[in-house]
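K.L.:
Provided below: query-v7.cif, containing mmCIF, C-alpha atoms.
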data_model
loop_
_atom_site.label_atom_id
_atom_site.label_comp_id
_atom_site.auth_asym_id
_atom_site.auth_seq_id
_atom_site.Cartn_x
_atom_site.Cartn_y
_atom_site.Cartn_z
CA MET A 6 31.19 35.97 57.38
CA LYS A 7 29.79 34.36 54.23
CA SER A 8 26.30 32.94 54.47
CA VAL A 9 25.65 29.22 54.28
CA SER A 10 23.80 29.87 51.02
CA THR A 11 26.82 31.59 49.52
CA LEU A 12 29.11 28.80 50.64
CA ARG A 13 26.76 26.22 49.19
CA ARG A 14 26.66 28.04 45.85
CA GLY A 15 30.43 28.21 45.82
CA PHE A 16 30.71 24.52 46.61
CA LEU A 17 28.24 23.60 43.87
CA ALA A 18 30.06 25.77 41.35
CA ALA A 19 33.36 24.16 42.27
CA SER A 20 31.79 20.72 41.98
CA VAL A 21 30.38 21.50 38.55
CA SER A 22 33.74 22.84 37.44
CA ALA A 23 35.49 19.73 38.73
CA MET A 24 33.00 17.48 36.95
CA ALA A 25 33.46 19.44 33.75
CA LEU A 26 37.21 19.11 34.02
CA CYS A 27 36.88 15.37 34.64
CA GLY A 28 34.62 15.09 31.62
CA MET A 29 37.07 17.02 29.49
CA ALA A 30 39.90 14.84 30.75
CA SER A 31 37.95 11.67 29.94
CA GLN A 32 37.12 13.01 26.49
CA ALA A 33 40.76 13.92 25.90
CA LEU A 34 41.82 10.43 27.03
CA ALA A 35 39.33 8.82 24.65
CA GLN A 36 40.55 11.01 21.81
CA THR A 37 44.16 10.01 22.43
CA LYS A 38 43.37 6.30 22.27
CA ILE A 39 44.35 4.66 19.01
CA PRO A 40 41.24 3.31 17.23
CA MET A 41 41.34 -0.40 16.45
CA ARG A 42 38.25 -1.15 14.39
CA ILE A 43 37.91 -4.85 13.62
CA SER A 44 35.68 -6.15 10.83
CA THR A 45 34.91 -9.84 10.36
CA PRO A 46 32.11 -11.84 8.71
CA ALA A 47 32.33 -14.36 11.57
CA VAL A 48 29.15 -15.21 13.47
CA PRO A 49 29.27 -14.71 17.26
CA ASP A 50 29.44 -18.41 18.14
CA ASP A 51 32.45 -19.12 15.94
CA TRP A 52 35.92 -19.30 17.45
CA HIS A 53 37.34 -16.78 15.00
CA ALA A 54 34.76 -14.32 16.30
CA LYS A 55 35.49 -15.08 19.94
CA MET A 56 39.24 -14.76 19.36
CA TRP A 57 38.84 -11.01 18.84
CA THR A 58 37.67 -10.65 22.44
CA VAL A 59 40.89 -12.40 23.48
CA PHE A 60 42.80 -9.91 21.31
CA LYS A 61 41.01 -6.95 22.91
CA ASP A 62 41.48 -8.20 26.48
CA ALA A 63 45.17 -8.97 25.93
CA LEU A 64 45.79 -5.56 24.38
CA ASP A 65 43.88 -3.72 27.12
CA LYS A 66 45.97 -5.55 29.72
CA SER A 67 49.35 -4.97 28.09
CA SER A 68 48.60 -1.41 26.89
CA PRO A 69 46.05 0.15 29.28
CA ASN A 70 44.24 3.24 27.95
CA GLN A 71 46.20 3.19 24.69
CA PHE A 72 43.78 1.51 22.29
CA ASP A 73 40.08 1.75 21.55
CA THR A 74 39.32 -1.74 20.21
CA GLN A 75 35.94 -2.09 18.48
CA ILE A 76 34.80 -5.56 17.36
CA ASN A 77 32.30 -5.71 14.47
CA LEU A 78 30.95 -9.21 13.68
CA ASN A 79 28.61 -10.53 10.96
CA ALA A 80 30.20 -8.30 8.27
CA SER A 81 28.34 -5.41 9.88
CA LEU A 82 31.12 -2.89 9.17
CA PHE A 83 32.55 -4.11 5.86
CA LYS A 84 31.25 -6.77 3.50
CA GLN A 85 33.21 -10.02 3.37
CA GLY A 86 36.12 -9.70 0.97
CA THR A 87 36.22 -5.90 1.01
CA GLU A 88 38.26 -5.63 4.23
CA PRO A 89 41.74 -5.71 2.61
CA ALA A 90 40.94 -2.76 0.37
CA ALA A 91 39.49 -0.85 3.32
CA MET A 92 42.66 -1.53 5.30
CA ALA A 93 44.89 -0.43 2.43
CA ARG A 94 42.95 2.86 2.24
CA GLY A 95 43.27 3.37 6.00
CA ASN A 96 39.52 3.04 6.57
CA LEU A 97 39.89 -0.09 8.71
CA GLU A 98 42.57 -1.07 11.18
CA LEU A 99 42.25 -4.84 11.65
CA SER A 100 40.70 -7.88 10.06
CA SER A 101 41.31 -11.54 9.41
CA ILE A 102 42.28 -12.05 5.78
CA SER A 103 42.08 -15.32 3.89
CA ALA A 104 44.66 -16.74 1.51
CA PHE A 105 42.06 -16.19 -1.20
CA ASP A 106 41.93 -12.47 -0.37
CA MET A 107 45.70 -12.28 -0.59
CA ALA A 108 45.89 -14.16 -3.88
CA LYS A 109 43.96 -11.35 -5.58
CA LEU A 110 46.95 -9.01 -5.26
CA VAL A 111 49.72 -11.50 -4.54
CA PRO A 112 49.20 -14.21 -7.19
CA GLU A 113 51.89 -16.50 -5.78
CA PHE A 114 49.84 -16.78 -2.58
CA SER A 115 47.32 -18.81 -4.58
CA ILE A 116 49.41 -21.88 -3.74
CA PHE A 117 47.70 -21.78 -0.33
CA THR A 118 44.27 -21.74 -1.97
CA ALA A 119 44.97 -25.03 -3.75
CA GLY A 120 43.44 -28.21 -2.40
CA TYR A 121 45.58 -30.75 -0.58
CA VAL A 122 48.74 -28.57 -0.30
CA VAL A 123 48.81 -28.00 3.48
CA ARG A 124 48.62 -31.38 5.21
CA ASP A 125 47.25 -30.56 8.65
CA PRO A 126 47.10 -27.77 11.27
CA ALA A 127 50.58 -28.51 12.64
CA HIS A 128 52.03 -28.31 9.12
CA GLN A 129 50.15 -25.04 8.58
CA GLN A 130 51.71 -23.38 11.63
CA LYS A 131 55.24 -24.57 10.74
CA VAL A 132 54.94 -23.26 7.19
CA PHE A 133 53.66 -19.81 8.13
CA SER A 134 55.81 -19.28 11.22
CA GLY A 135 59.00 -20.20 9.34
CA PRO A 136 60.98 -18.69 6.45
CA ILE A 137 58.25 -19.47 3.88
CA GLY A 138 55.73 -17.41 5.83
CA GLU A 139 58.21 -14.62 6.50
CA SER A 140 58.99 -14.24 2.80
CA MET A 141 55.35 -14.45 1.67
CA PHE A 142 54.13 -11.99 4.33
CA LYS A 143 56.81 -9.48 3.29
CA THR A 144 55.42 -9.54 -0.23
CA VAL A 145 51.89 -9.21 1.13
CA SER A 146 52.92 -6.11 3.09
CA GLU A 147 54.52 -4.54 0.03
CA LYS A 148 51.61 -5.23 -2.32
CA MET A 149 48.59 -4.96 0.01
CA ASP A 150 49.66 -2.39 2.63
CA VAL A 151 48.80 -4.75 5.49
CA THR A 152 51.02 -6.51 8.01
CA VAL A 153 50.23 -10.09 9.02
CA LEU A 154 50.42 -10.55 12.79
CA SER A 155 49.52 -14.22 13.22
CA THR A 156 48.07 -17.26 11.47
CA ALA A 157 44.82 -18.75 12.73
CA TYR A 158 43.55 -22.22 11.86
CA LEU A 159 40.14 -21.78 10.28
CA GLY A 160 39.55 -25.49 10.07
CA THR A 161 39.67 -28.31 7.57
CA ARG A 162 37.02 -27.74 4.95
CA GLN A 163 34.42 -30.40 4.17
CA VAL A 164 31.53 -30.60 1.70
CA ASN A 165 28.05 -30.17 3.19
CA LEU A 166 25.06 -31.19 1.01
CA ARG A 167 21.40 -30.32 1.10
CA GLU A 168 20.38 -33.83 -0.06
CA VAL A 169 22.12 -37.17 0.45
CA ARG A 170 24.29 -38.26 -2.46
CA ASN A 171 26.70 -41.16 -3.00
CA VAL A 172 30.00 -39.30 -3.31
CA LYS A 173 33.17 -41.32 -3.84
CA THR A 174 35.10 -39.30 -6.44
CA PRO A 175 34.92 -35.73 -7.82
CA ALA A 176 32.80 -37.05 -10.71
CA ASP A 177 30.02 -37.73 -8.19
CA LEU A 178 29.72 -34.01 -7.48
CA LYS A 179 28.95 -33.17 -11.11
CA GLY A 180 25.97 -30.82 -11.36
CA ILE A 181 26.02 -29.93 -7.66
CA LYS A 182 25.69 -26.16 -7.14
CA LEU A 183 28.33 -25.79 -4.46
CA ARG A 184 28.42 -22.41 -2.77
CA MET A 185 31.85 -20.78 -2.73
CA PRO A 186 32.91 -17.22 -1.84
CA GLY A 187 32.89 -15.05 -4.91
CA THR A 188 36.52 -14.88 -6.00
CA LYS A 189 38.01 -16.73 -8.95
CA GLU A 190 40.36 -18.65 -6.64
CA TRP A 191 37.49 -19.97 -4.51
CA LEU A 192 35.43 -20.77 -7.58
CA PHE A 193 38.34 -22.63 -9.14
CA LEU A 194 38.63 -24.80 -6.03
CA GLY A 195 34.92 -25.62 -6.21
CA GLU A 196 35.25 -26.62 -9.86
CA ALA A 197 38.37 -28.68 -9.07
CA LEU A 198 36.29 -30.66 -6.59
CA GLY A 199 34.00 -31.61 -9.46
CA ALA A 200 31.05 -29.36 -8.58
CA THR A 201 29.46 -26.33 -10.22
CA ALA A 202 30.93 -23.54 -8.11
CA THR A 203 28.30 -20.93 -7.23
CA PRO A 204 29.30 -17.59 -5.64
CA LEU A 205 27.22 -16.49 -2.66
CA ALA A 206 27.94 -14.28 0.35
CA PHE A 207 28.32 -16.14 3.63
CA GLY A 208 25.33 -14.39 5.17
CA GLU A 209 23.08 -15.74 2.40
CA VAL A 210 24.16 -19.39 2.61
CA TYR A 211 21.60 -20.58 5.17
CA LEU A 212 18.65 -19.28 3.14
CA GLY A 213 20.23 -20.53 -0.09
CA LEU A 214 20.42 -24.05 1.34
CA LYS A 215 16.92 -23.84 2.73
CA THR A 216 15.36 -22.72 -0.56
CA GLY A 217 17.51 -24.85 -2.87
CA THR A 218 19.25 -21.93 -4.56
CA ILE A 219 22.41 -23.93 -3.83
CA ASP A 220 22.84 -27.68 -3.31
CA GLY A 221 25.70 -27.50 -0.86
CA GLN A 222 28.45 -25.49 0.70
CA ASP A 223 31.97 -26.10 1.98
CA ASN A 224 33.27 -24.98 5.35
CA PRO A 225 35.10 -26.31 8.38
CA LEU A 226 32.76 -28.28 10.63
CA PRO A 227 32.80 -25.79 13.55
CA THR A 228 31.55 -23.13 11.13
CA VAL A 229 28.81 -25.48 9.93
CA ARG A 230 27.64 -25.79 13.51
CA ALA A 231 28.06 -22.12 14.45
CA ALA A 232 26.07 -20.99 11.39
CA LYS A 233 23.50 -23.79 11.94
CA PHE A 234 23.85 -25.13 8.39
CA TYR A 235 23.06 -28.58 9.79
CA GLU A 236 19.45 -27.43 10.08
CA VAL A 237 19.11 -27.17 6.30
CA THR A 238 21.42 -29.97 5.08
CA LYS A 239 21.38 -33.77 5.26
CA GLN A 240 24.95 -34.91 4.56
CA LEU A 241 28.58 -34.21 5.33
CA VAL A 242 31.20 -35.53 2.92
CA LEU A 243 34.58 -35.55 4.68
CA THR A 244 36.74 -34.52 1.74
CA ASN A 245 39.41 -32.77 3.88
CA HIS A 246 40.15 -30.73 0.77
CA LEU A 247 41.61 -27.61 2.34
CA VAL A 248 43.38 -27.00 5.65
CA ASP A 249 42.21 -23.42 5.79
CA SER A 250 43.92 -20.39 7.31
CA ILE A 251 42.98 -16.87 8.18
CA PHE A 252 45.62 -14.28 8.89
CA ILE A 253 45.14 -11.63 11.55
CA ALA A 254 46.37 -8.50 9.82
CA ILE A 255 46.66 -4.80 10.53
CA SER A 256 46.69 -1.83 8.18
CA ASN A 257 50.23 -0.64 7.46
CA LYS A 258 49.05 2.92 8.08
CA THR A 259 48.13 1.98 11.64
CA TRP A 260 51.07 -0.38 12.15
CA ASN A 261 53.69 2.14 11.04
CA ALA A 262 52.32 4.77 13.43
CA LEU A 263 52.81 2.54 16.50
CA THR A 264 55.77 2.67 18.84
CA PRO A 265 58.01 -0.42 19.04
CA ALA A 266 56.43 -1.33 22.40
CA GLN A 267 52.93 -0.95 20.99
CA LYS A 268 53.83 -3.10 17.98
CA GLN A 269 55.12 -5.80 20.30
CA ASN A 270 51.92 -5.73 22.37
CA VAL A 271 49.62 -5.73 19.34
CA LYS A 272 51.47 -8.68 17.82
CA ALA A 273 51.42 -10.57 21.13
CA ALA A 274 47.66 -9.97 21.41
CA ALA A 275 47.15 -11.28 17.86
CA GLN A 276 49.20 -14.38 18.63
CA ALA A 277 47.21 -14.98 21.82
CA ALA A 278 43.99 -14.66 19.82
CA ALA A 279 45.18 -17.11 17.18
CA GLN A 280 46.33 -19.61 19.80
CA PHE A 281 42.93 -19.41 21.54
CA ASN A 282 41.18 -20.01 18.24
CA ASN A 283 43.48 -22.85 17.21
CA GLU A 284 43.26 -24.78 20.47
CA ASN A 285 39.48 -24.53 20.71
CA ARG A 286 38.86 -25.24 17.04
CA LEU A 287 41.01 -28.39 17.11
CA LYS A 288 39.28 -29.57 20.27
CA GLU A 289 35.85 -28.95 18.73
CA GLU A 290 36.76 -30.67 15.46
CA GLY A 291 37.73 -33.74 17.44
CA GLN A 292 34.25 -33.98 18.96
CA ILE A 293 31.93 -32.48 16.40
CA VAL A 294 31.16 -35.36 14.02
CA ASP A 295 29.10 -37.05 16.74
CA PHE A 296 27.05 -33.87 17.09
CA PHE A 297 26.13 -33.86 13.41
CA LYS A 298 25.18 -37.53 13.53
CA GLN A 299 22.89 -36.73 16.46
CA GLN A 300 21.27 -34.04 14.32
CA GLY A 301 20.43 -36.69 11.72
CA LEU A 302 23.10 -35.88 9.13
CA GLN A 303 24.73 -38.69 7.21
CA VAL A 304 28.51 -38.47 7.51
CA THR A 305 30.44 -40.18 4.71
CA THR A 306 34.09 -40.44 3.64
CA PRO A 307 34.89 -40.51 -0.09
CA ASP A 308 37.95 -41.91 -1.84
CA LEU A 309 40.41 -39.29 -0.60
CA ASP A 310 43.21 -40.48 -2.88
CA ALA A 311 40.95 -39.97 -5.89
CA PHE A 312 40.01 -36.48 -4.73
CA GLN A 313 43.61 -35.53 -3.99
CA LYS A 314 44.92 -36.74 -7.34
CA SER A 315 42.12 -35.11 -9.33
CA VAL A 316 42.37 -31.77 -7.53
CA GLN A 317 46.16 -31.58 -7.71
CA ASP A 318 46.16 -32.53 -11.39
CA THR A 319 43.62 -29.77 -12.05
CA TYR A 320 45.82 -27.19 -10.33
CA ALA A 321 49.01 -28.43 -11.98
CA LYS A 322 47.47 -27.75 -15.41
CA SER A 323 46.11 -24.33 -14.42
CA ASP A 324 47.45 -20.81 -14.76
CA TYR A 325 47.73 -20.67 -10.96
CA ALA A 326 50.63 -23.12 -10.89
CA LYS A 327 52.47 -20.98 -13.46
CA VAL A 328 52.86 -18.11 -10.96
CA TRP A 329 53.97 -20.23 -8.03
CA PRO A 330 57.65 -19.52 -7.30
CA ALA A 331 59.94 -22.30 -8.49
CA GLY A 332 60.51 -24.85 -5.77
CA LEU A 333 57.92 -23.39 -3.38
CA LEU A 334 55.62 -26.40 -3.49
CA GLU A 335 58.57 -28.70 -2.73
CA ARG A 336 59.62 -26.46 0.16
CA ILE A 337 56.11 -26.60 1.58
CA ASN A 338 56.01 -30.37 1.18
CA ASN A 339 59.41 -30.68 2.88
CA THR A 340 58.43 -28.58 5.90
CA ARG A 341 58.19 -30.95 8.85
#
Here is the file; what I need is its structure written in the form of C-alpha cells.
P.N.:
Amino acid sequence: MKSVSTLRRGFLAASVSAMALCGMASQALAQTKIPMRISTPAVPDDWHAKMWTVFKDALDKSSPNQFDTQINLNASLFKQGTEPAAMARGNLELSSISAFDMAKLVPEFSIFTAGYVVRDPAHQQKVFSGPIGESMFKTVSEKMDVTVLSTAYLGTRQVNLREVRNVKTPADLKGIKLRMPGTKEWLFLGEALGATATPLAFGEVYLGLKTGTIDGQDNPLPTVRAAKFYEVTKQLVLTNHLVDSIFIAISNKTWNALTPAQKQNVKAAAQAAAQFNNENRLKEEGQIVDFFKQQGLQVTTPDLDAFQKSVQDTYAKSDYAKVWPAGLLERINNTR
C-alpha cells in the first residue's frame, strides 16, 4: 500500500500538471483571439471615447472569446492623424477617421470638409447611409485600405475664443489665431471662416489657450466641455459651421481576414457604438449651452447667413471644388 506521503506527492504533481495545462490552454486561447487595437485622440469623458466601450461589449457578447479588443485613448498609441497610415500598413486594427483624414488620399471627400454642406445630424446619417456614402466609402477602401463600418456624429462645430469679441461676420475674426488640426483641409476651413488658421495638436490646445499661443479653437460643444476648454476661454460664437462626422473604420488587412459572421458582428458593434455616441451627443448638445453660461462664458450668435455665404463662396472658388464629382453637391443638397 502506498504511503500517505506518496499519495500526497502524486496528488500535488497531478494538480501542478493540471494547472499547467489550464495555463497553456488559456495562453493558447489568448493567442487565437483576433487583436483589435483601437487608437483615438478622444479624452475619456467624450462620447466618442465612451462609444468604444460599447463596441467592445457588443463584440464580446456577439463573438465570445474571438476578439481581444484594446482601447487606447488620448492618442496614447498613435498620434492624431497618423491612424489611417498605421491601419493601411496593418499596424493598427481600428480607429475613428475624420473626413479631413480621408480627403488627404481621396480628394473628392473634401466636399465633407467644407463648411455648411451637411445641414444637420439627420441629414448626415441619410447621406452616409445611402448611395452617396456607399459610393464614397468604396473609393475610400480602394485608396486607403480601410473599411468604414459606421458614421458617428462628432457634433456641430462652434468657435470658442479666449477673449470676448464682437463677431457678426467672418471679417470680425480677422487676426484671430484659430487653432485647427494640422492638415491643409482643416486650415482652409479656418481661413474660410475669416481667421488665421493655426495648426496645433489636440492635446496642446488647453495650454495654448491658457498661454495665449492661440486665440481660439473650434470644436463641438461636448468636446469643449470634455476637454475643459471653458476653463481657459471666455466666449462661444455659435457659427454652426460644420456638422462634423467621424467614421469608425477597420484595416482592410484585418477585415478581409474575418469570417462572414465575424464581419457581421464587428459591423453591428460599430453601428451600436455610433448610435450610442449619436444619441448621447445630441442630448448633451441640447442642454450644454446653459452649462457654459453658468461657467461665465458669453454665448453669442453671429449673422449665420453672412458666414454661410462667405464660406461657400470661398470654397466655390477653391481648388477643392474642382475635384468634387459633378453633381455631388446637388445630390447631397437633395438628400432628404
K.L.:
Using only C-alpha atoms, pick whichever of A:Asn285, A:Thr161, A:Ser100, A:Thr118 has the shortest atom-to-atom distance to Trp52 in chain A.
P.N.:
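Checking each candidate against Trp52 in chain A, we get A:Asn285 as the closest.
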K.L.:
Decode the PyMOL selection byres ((chain A and resi 81) around 12) for the given file into explicit residues and return them as number ranges by chain.
P.N.:
A: 42-49, 75-80, 82-85, 87-88, 208
K.L.:
In terms of the shortest atom-to-atom distance over all atoms listed in the file, which of A:Ala197, A:Ala90, A:Tyr235, A:Trp260 is closest to Thr174 in chain A?
P.N.:
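Checking each of A:Ala197, A:Ala90, A:Tyr235, A:Trp260 against Thr174 in chain A, counting all atoms listed in the file, the winner is A:Ala197.
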K.L.:
Smallest atom-to-atom distance to Phe72 in chain A: which of A:Ala200, A:Met41, A:Leu97, A:Val271, using all atoms listed in the file?
P.N.:
A:Met41
K.L.:
Could you list, as a PyMOL selection string, every residue matched by the PyMOL selection byres ((chain A and resi 253) around 8) in this structure?
P.N.:
chain A and resi 99-102+153-157+251-252+254-255+275+279
K.L.:
So which residues get picked by the PyMOL selection byres ((chain A and resi 67) around 9) here, written as a ChimeraX atom specification?
P.N.:
/A:62-66,68-69,267,270-271,274
